[in-house]
$ cat structure.cif   # mmCIF, C-alpha atoms
data_upload
loop_
_atom_site.label_atom_id
_atom_site.label_comp_id
_atom_site.auth_asym_id
_atom_site.auth_seq_id
_atom_site.Cartn_x
_atom_site.Cartn_y
_atom_site.Cartn_z
CA MET A 1 35.97 32.86 142.91
CA ARG A 2 37.29 36.32 143.58
CA PRO A 3 34.82 39.22 143.42
CA LYS A 4 35.33 40.10 139.78
CA LEU A 5 33.44 40.51 136.53
CA ASN A 6 36.02 40.70 133.76
CA LEU A 7 34.04 40.73 130.54
CA VAL A 8 30.49 41.39 129.34
CA THR A 9 29.75 40.09 125.86
CA LEU A 10 26.86 41.43 123.83
CA GLY A 11 25.49 39.09 121.19
CA VAL A 12 24.88 41.04 118.00
CA LYS A 13 22.86 40.30 114.87
CA ASP A 14 24.89 42.60 112.62
CA PHE A 15 28.51 42.88 113.71
CA GLU A 16 29.37 45.80 111.42
CA ARG A 17 26.38 47.79 112.64
CA ALA A 18 27.40 47.20 116.26
CA LEU A 19 30.98 48.27 115.53
CA LYS A 20 29.68 51.35 113.81
CA PHE A 21 27.72 52.29 116.92
CA TYR A 22 30.34 51.60 119.59
CA GLN A 23 33.59 52.28 117.71
CA GLU A 24 32.79 54.90 115.09
CA GLY A 25 29.82 56.43 116.83
CA LEU A 26 30.88 56.57 120.46
CA GLY A 27 34.57 56.60 119.58
CA TRP A 28 35.42 53.70 121.88
CA GLN A 29 38.77 52.09 121.00
CA PRO A 30 38.85 48.32 120.54
CA SER A 31 41.80 46.30 121.76
CA SER A 32 44.10 44.78 119.16
CA ALA A 33 42.89 41.43 120.50
CA SER A 34 39.77 42.11 118.43
CA GLN A 35 39.37 40.06 115.27
CA ASP A 36 37.11 39.76 112.25
CA GLU A 37 33.98 38.89 114.18
CA VAL A 38 34.84 39.75 117.73
CA ALA A 39 35.61 43.13 119.27
CA PHE A 40 36.86 43.87 122.77
CA PHE A 41 36.56 47.34 124.26
CA PRO A 42 38.52 47.85 127.49
CA LEU A 43 36.25 50.03 129.62
CA GLY A 44 38.37 50.55 132.68
CA GLY A 45 38.02 47.54 134.94
CA VAL A 46 35.73 45.58 132.67
CA VAL A 47 35.87 44.68 128.99
CA LEU A 48 32.85 44.96 126.69
CA GLY A 49 32.78 42.35 123.93
CA LEU A 50 30.77 42.22 120.72
CA TYR A 51 30.23 38.82 119.12
CA PRO A 52 27.65 37.42 116.70
CA CYS A 53 24.63 36.21 118.61
CA ASP A 54 24.49 32.73 117.12
CA LYS A 55 28.17 32.14 117.78
CA LEU A 56 27.78 33.35 121.36
CA ALA A 57 24.99 30.84 121.94
CA GLU A 58 27.06 28.12 120.30
CA ASP A 59 30.02 28.97 122.54
CA ALA A 60 27.83 28.58 125.61
CA ARG A 61 26.13 25.47 124.16
CA VAL A 62 22.69 26.94 124.50
CA SER A 63 19.93 27.43 121.95
CA PRO A 64 20.23 30.78 120.16
CA GLU A 65 16.46 31.24 120.40
CA GLY A 66 15.28 33.98 122.68
CA SER A 67 12.96 36.94 122.70
CA GLY A 68 11.77 39.83 124.80
CA PHE A 69 13.31 41.21 127.95
CA ALA A 70 16.84 39.87 128.51
CA ARG A 71 16.67 40.44 132.29
CA ILE A 72 20.06 42.19 132.27
CA THR A 73 20.71 45.89 131.93
CA LEU A 74 23.95 47.82 131.61
CA ALA A 75 24.46 51.23 133.12
CA TYR A 76 26.59 54.24 132.37
CA ASN A 77 26.85 56.71 135.23
CA THR A 78 27.26 60.35 134.39
CA LYS A 79 29.00 63.05 136.38
CA SER A 80 26.17 65.55 136.08
CA ARG A 81 22.45 65.65 135.53
CA GLU A 82 22.95 67.48 132.24
CA GLU A 83 25.22 64.73 130.92
CA VAL A 84 22.30 62.28 131.02
CA ASP A 85 20.39 64.30 128.44
CA GLU A 86 23.52 64.87 126.37
CA VAL A 87 24.30 61.15 126.21
CA LEU A 88 20.74 60.22 125.27
CA GLN A 89 20.78 62.81 122.49
CA THR A 90 24.10 61.48 121.23
CA VAL A 91 23.10 57.83 121.11
CA GLU A 92 19.75 58.63 119.50
CA ARG A 93 21.60 60.44 116.75
CA LEU A 94 23.79 57.33 116.35
CA GLY A 95 20.79 55.05 115.85
CA ALA A 96 19.92 53.91 119.35
CA THR A 97 16.31 53.87 120.51
CA ILE A 98 15.33 55.93 123.52
CA VAL A 99 13.33 53.49 125.62
CA LYS A 100 12.72 55.84 128.55
CA GLN A 101 13.28 59.56 128.43
CA ALA A 102 15.32 60.79 131.36
CA GLU A 103 13.34 61.70 134.43
CA ASN A 104 13.77 62.23 138.15
CA VAL A 105 13.70 58.81 139.81
CA PHE A 106 12.55 57.68 143.23
CA TRP A 107 16.06 57.10 144.56
CA GLY A 108 16.96 60.74 144.12
CA GLY A 109 18.77 60.68 140.80
CA TYR A 110 17.96 61.32 137.15
CA SER A 111 17.99 58.56 134.56
CA GLY A 112 16.82 57.28 131.22
CA TYR A 113 17.32 54.18 129.10
CA PHE A 114 18.33 53.49 125.54
CA ALA A 115 18.47 50.30 123.49
CA ASP A 116 21.55 49.86 121.33
CA PRO A 117 21.09 48.75 117.69
CA ASP A 118 20.71 45.13 118.90
CA GLY A 119 18.25 46.02 121.62
CA HIS A 120 20.66 45.76 124.55
CA LEU A 121 19.43 48.07 127.29
CA TRP A 122 21.64 50.76 128.77
CA GLU A 123 20.57 52.96 131.62
CA VAL A 124 22.15 56.42 131.63
CA ALA A 125 22.04 57.63 135.19
CA TRP A 126 23.16 60.47 137.37
CA ASN A 127 23.33 59.46 141.02
CA PRO A 128 24.21 62.42 143.26
CA PHE A 129 25.01 60.05 146.14
CA TRP A 130 27.70 58.06 144.30
CA GLY A 131 31.13 59.37 143.40
CA PHE A 132 34.05 58.29 141.22
CA ASP A 133 37.62 57.44 142.12
CA GLU A 134 40.74 58.55 140.24
CA ALA A 135 40.36 55.58 137.87
CA ASP A 136 36.84 56.79 136.99
CA ASN A 137 35.26 53.85 138.81
CA LEU A 138 32.10 54.23 140.86
CA VAL A 139 32.61 54.64 144.58
CA LEU A 140 29.64 53.32 146.52
CA PRO A 141 28.92 54.10 150.16
CA MET B 1 30.01 59.22 126.42
CA ARG B 2 33.29 58.17 127.94
CA PRO B 3 34.40 54.54 127.44
CA LYS B 4 32.88 53.14 130.59
CA LEU B 5 30.47 50.49 131.81
CA ASN B 6 29.72 51.24 135.44
CA LEU B 7 27.03 48.77 136.43
CA VAL B 8 25.54 45.49 135.25
CA THR B 9 22.18 44.65 136.79
CA LEU B 10 20.86 41.11 136.81
CA GLY B 11 17.11 40.78 137.03
CA VAL B 12 16.24 38.04 139.51
CA LYS B 13 13.06 36.08 140.18
CA ASP B 14 13.91 35.29 143.78
CA PHE B 15 16.00 38.00 145.41
CA GLU B 16 16.88 35.98 148.52
CA ARG B 17 18.03 33.04 146.44
CA ALA B 18 20.26 35.31 144.35
CA LEU B 19 21.75 36.90 147.50
CA LYS B 20 22.36 33.44 148.89
CA PHE B 21 24.33 32.52 145.79
CA TYR B 22 26.44 35.67 145.34
CA GLN B 23 26.79 36.87 148.94
CA GLU B 24 26.68 33.80 151.13
CA GLY B 25 27.87 31.31 148.54
CA LEU B 26 30.62 33.18 146.73
CA GLY B 27 31.32 35.44 149.69
CA TRP B 28 31.04 38.64 147.66
CA GLN B 29 30.48 41.69 149.88
CA PRO B 30 27.59 43.99 149.00
CA SER B 31 27.95 47.74 149.35
CA SER B 32 26.00 49.45 152.11
CA ALA B 33 24.12 51.18 149.31
CA SER B 34 22.23 47.87 149.02
CA GLN B 35 18.66 47.87 150.29
CA ASP B 36 15.79 45.46 150.85
CA GLU B 37 15.35 44.48 147.24
CA VAL B 38 18.51 45.71 145.58
CA ALA B 39 22.09 44.61 146.11
CA PHE B 40 25.25 46.18 144.71
CA PHE B 41 28.51 44.25 144.61
CA PRO B 42 31.57 46.36 143.78
CA LEU B 43 33.68 44.09 141.57
CA GLY B 44 36.69 46.27 140.93
CA GLY B 45 35.90 48.68 138.14
CA VAL B 46 32.33 47.58 137.63
CA VAL B 47 29.42 47.03 139.99
CA LEU B 48 27.13 43.98 139.79
CA GLY B 49 23.56 44.68 140.82
CA LEU B 50 20.74 42.29 141.72
CA TYR B 51 17.19 43.56 141.39
CA PRO B 52 13.81 41.86 140.98
CA CYS B 53 13.17 41.14 137.33
CA ASP B 54 9.75 42.76 137.12
CA LYS B 55 10.99 45.93 138.80
CA LEU B 56 13.97 46.08 136.45
CA ALA B 57 11.65 45.90 133.44
CA GLU B 58 9.41 48.54 135.01
CA ASP B 59 12.40 50.81 135.61
CA ALA B 60 13.35 50.55 131.93
CA ARG B 61 9.69 50.87 130.86
CA VAL B 62 9.79 47.63 128.90
CA SER B 63 7.59 44.57 129.10
CA PRO B 64 8.88 42.04 131.64
CA GLU B 65 8.10 39.21 129.24
CA GLY B 66 11.06 37.39 127.81
CA SER B 67 12.35 33.90 127.31
CA GLY B 68 15.29 31.92 126.03
CA PHE B 69 18.78 33.17 125.28
CA ALA B 70 19.38 36.65 126.67
CA ARG B 71 22.12 37.43 124.12
CA ILE B 72 24.46 38.68 126.87
CA THR B 73 27.04 36.66 128.74
CA LEU B 74 29.27 37.60 131.65
CA ALA B 75 32.78 36.27 132.05
CA TYR B 76 35.11 35.61 134.92
CA ASN B 77 38.74 35.16 133.91
CA THR B 78 40.88 32.84 135.96
CA LYS B 79 44.59 33.00 136.57
CA SER B 80 45.18 29.35 135.81
CA ARG B 81 43.68 26.50 133.88
CA GLU B 82 43.02 24.60 137.10
CA GLU B 83 41.05 27.50 138.55
CA VAL B 84 38.42 27.05 135.82
CA ASP B 85 37.56 23.58 137.08
CA GLU B 86 37.68 24.72 140.69
CA VAL B 87 35.25 27.57 140.06
CA LEU B 88 32.82 25.37 138.15
CA GLN B 89 32.86 22.83 140.98
CA THR B 90 32.26 25.57 143.53
CA VAL B 91 29.30 27.16 141.77
CA GLU B 92 27.72 23.80 141.03
CA ARG B 93 27.86 23.02 144.74
CA LEU B 94 26.16 26.38 145.36
CA GLY B 95 23.25 25.58 143.06
CA ALA B 96 24.39 26.87 139.68
CA THR B 97 23.88 24.75 136.58
CA ILE B 98 26.90 23.75 134.53
CA VAL B 99 25.86 24.60 130.99
CA LYS B 100 29.15 23.66 129.34
CA GLN B 101 31.86 21.64 131.00
CA ALA B 102 35.26 23.24 130.66
CA GLU B 103 37.19 22.29 127.55
CA ASN B 104 40.05 23.51 125.41
CA VAL B 105 38.69 26.16 123.07
CA PHE B 106 39.68 27.23 119.57
CA TRP B 107 41.30 30.49 120.67
CA GLY B 108 43.85 28.66 122.75
CA GLY B 109 42.32 28.85 126.21
CA TYR B 110 40.18 26.67 128.46
CA SER B 111 36.64 27.58 129.38
CA GLY B 112 33.21 26.47 130.54
CA TYR B 113 29.89 28.10 131.31
CA PHE B 114 27.49 28.06 134.21
CA ALA B 115 24.02 29.50 134.68
CA ASP B 116 23.36 31.23 138.00
CA PRO B 117 20.12 30.41 139.87
CA ASP B 118 18.25 32.84 137.60
CA GLY B 119 19.76 31.46 134.42
CA HIS B 120 22.26 34.28 133.82
CA LEU B 121 25.18 32.85 131.89
CA TRP B 122 28.75 33.18 133.16
CA GLU B 123 31.74 31.97 131.21
CA VAL B 124 34.67 30.88 133.35
CA ALA B 125 37.74 31.21 131.19
CA TRP B 126 41.47 30.90 131.32
CA ASN B 127 43.15 32.88 128.55
CA PRO B 128 46.91 32.34 128.50
CA PHE B 129 47.35 35.38 126.23
CA TRP B 130 45.72 37.90 128.55
CA GLY B 131 47.21 39.15 131.80
CA PHE B 132 46.05 41.14 134.81
CA ASP B 133 47.22 44.48 136.16
CA GLU B 134 47.84 45.33 139.82
CA ALA B 135 44.15 46.16 140.25
CA ASP B 136 43.26 42.65 139.02
CA ASN B 137 41.82 44.01 135.79
CA LEU B 138 42.33 42.25 132.47
CA VAL B 139 45.15 43.57 130.34
CA LEU B 140 44.45 42.98 126.66
CA PRO B 141 47.07 43.22 123.91
#
$ encode --input "structure.cif" --output "structure tokens"
Amino acid sequence: MRPKLNLVTLGVKDFERALKFYQEGLGWQPSSASQDEVAFFPLGGVVLGLYPCDKLAEDARVSPEGSGFARITLAYNTKSREEVDEVLQTVERLGATIVKQAENVFWGGYSGYFADPDGHLWEVAWNPFWGFDEADNLVLP
Amino acid sequence: MRPKLNLVTLGVKDFERALKFYQEGLGWQPSSASQDEVAFFPLGGVVLGLYPCDKLAEDARVSPEGSGFARITLAYNTKSREEVDEVLQTVERLGATIVKQAENVFWGGYSGYFADPDGHLWEVAWNPFWGFDEADNLVLP
């Protein structure tokens, strides 16, 4: 198994609402591989998928029942401290919930969290110790 | 907010067990940015993080309580149909649970699912309609 994560699929309760947030709101462009009830957003090295929650559970052959903390978070890394606040303001305007206002964090950066319309948690973080390569991917020490 | 997902963090109950699976078992190399209770695996375009579940919830300022389906799945795309079976055999040997044995699926590919030691769901899929670029990233139509 090579070191690779190709696709992250978010189960959604209301597919149109999720599309409205990610496609119309954030302006992310779905691949033409997207179909009536599935959307794929190529995000540079990884693809974000949207798929109805019950169908996602069915695909994995697990019960669709679940509640509370999902034990997975996504993160978007900004290129400046100011961009963290800008992104949180943008997503709040688009209907996301600010779960944690941005603050200075113990590891020396600045970060906050929002929940998308389905409750999926995104951290928005500025890490002054991490850079980006020419493909806009994180470069870790 | 540019179209980017930089980091996916898996909350884990037993950090050493998770390291044993991803680092020792799969042979994935953590970045030196990793510390005592956090590991970062650069996976080509996206970073996979491991972090204790309760600390992850605390970081996001949400309750750590949660159960059942997390409504997010990860996917690893193989380069052949045979590789799907090989990967599922490998992870089962390493302590993962096979949630769905690989089978032909309605969209024309072949896929199965496993749960890592913390229950995080990974699909292992071969999609004959999707290719890979020189950086090993998925190329969607």
$ residues_around --input "structure.cif" --residues "B:Trp107" --least-positions-apart "2" --cutoff "12 Å" --atoms "all atoms listed in the file" --output "compact mmCIF listing (two decimals) with C-alpha atoms, keeping the file's coordinate frame"
# COMPACT_ATOMS: atom_id res chain seq x y z
CA ALA A 33 42.89 41.43 120.50
CA SER A 34 39.77 42.11 118.43
CA GLN A 35 39.37 40.06 115.27
CA VAL A 38 34.84 39.75 117.73
CA ASP A 59 30.02 28.97 122.54
CA GLU B 103 37.19 22.29 127.55
CA ASN B 104 40.05 23.51 125.41
CA VAL B 105 38.69 26.16 123.07
CA GLY B 109 42.32 28.85 126.21
CA TYR B 110 40.18 26.67 128.46
CA SER B 111 36.64 27.58 129.38
CA ALA B 125 37.74 31.21 131.19
CA TRP B 126 41.47 30.90 131.32
CA ASN B 127 43.15 32.88 128.55
CA PRO B 128 46.91 32.34 128.50
CA PHE B 129 47.35 35.38 126.23
CA TRP B 130 45.72 37.90 128.55
$ axis_aligned_box --input "structure.cif" --around "stretch 55-59 of chain A" --padding-each-side "5 Å" --output "AutoDock Vina command-line options"
--center_x 27.5 --center_y 30.7 --center_z 120.2 --size_x 15.0 --size_y 15.2 --size_z 14.8
$ closest_residue --input "structure.cif" --among "B:Asp116, B:Asp133, B:Glu65, B:Glu92" --to "chain A" --atoms "all atoms listed in the file"
B:Glu65
$ resolve_selection --input "structure.cif" --expression "the PyMOL selection byres ((chain A) within 7 of (chain B))" --output "CSV table (one decimal) with C-alpha atoms, in the coordinates of the input"
chain,number,residue,atom,x,y,z
A,1,MET,CA,36.0,32.9,142.9
A,3,PRO,CA,34.8,39.2,143.4
A,4,LYS,CA,35.3,40.1,139.8
A,5,LEU,CA,33.4,40.5,136.5
A,6,ASN,CA,36.0,40.7,133.8
A,7,LEU,CA,34.0,40.7,130.5
A,8,VAL,CA,30.5,41.4,129.3
A,9,THR,CA,29.8,40.1,125.9
A,10,LEU,CA,26.9,41.4,123.8
A,11,GLY,CA,25.5,39.1,121.2
A,26,LEU,CA,30.9,56.6,120.5
A,28,TRP,CA,35.4,53.7,121.9
A,31,SER,CA,41.8,46.3,121.8
A,32,SER,CA,44.1,44.8,119.2
A,33,ALA,CA,42.9,41.4,120.5
A,43,LEU,CA,36.2,50.0,129.6
A,44,GLY,CA,38.4,50.6,132.7
A,45,GLY,CA,38.0,47.5,134.9
A,46,VAL,CA,35.7,45.6,132.7
A,53,CYS,CA,24.6,36.2,118.6
A,60,ALA,CA,27.8,28.6,125.6
A,61,ARG,CA,26.1,25.5,124.2
A,63,SER,CA,19.9,27.4,122.0
A,64,PRO,CA,20.2,30.8,120.2
A,65,GLU,CA,16.5,31.2,120.4
A,66,GLY,CA,15.3,34.0,122.7
A,67,SER,CA,13.0,36.9,122.7
A,68,GLY,CA,11.8,39.8,124.8
A,69,PHE,CA,13.3,41.2,128.0
A,70,ALA,CA,16.8,39.9,128.5
A,71,ARG,CA,16.7,40.4,132.3
A,72,ILE,CA,20.1,42.2,132.3
A,73,THR,CA,20.7,45.9,131.9
A,74,LEU,CA,24.0,47.8,131.6
A,75,ALA,CA,24.5,51.2,133.1
A,76,TYR,CA,26.6,54.2,132.4
A,77,ASN,CA,26.8,56.7,135.2
A,87,VAL,CA,24.3,61.2,126.2
A,99,VAL,CA,13.3,53.5,125.6
A,100,LYS,CA,12.7,55.8,128.6
A,113,TYR,CA,17.3,54.2,129.1
A,137,ASN,CA,35.3,53.8,138.8
A,138,LEU,CA,32.1,54.2,140.9
A,140,LEU,CA,29.6,53.3,146.5
A,141,PRO,CA,28.9,54.1,150.2
$ closest_residue --input "structure.cif" --among "B:Phe15, B:Phe132, B:Asp36, B:Glu24" --to "B:Lys79" --atoms "all atoms listed in the file"
B:Phe132
$ atom_distance --input "structure.cif" --atom1 "atom CA of B:Asp14" --atom2 "atom CA of A:Phe106"
22.4 Å
$ atom_distance --input "structure.cif" --atom1 "atom CA of A:Arg17" --atom2 "atom CA of A:Ile98"
17.5 Å
$ atom_distance --input "structure.cif" --atom1 "atom CA of A:Lys20" --atom2 "atom CA of A:Gln89"
16.9 Å
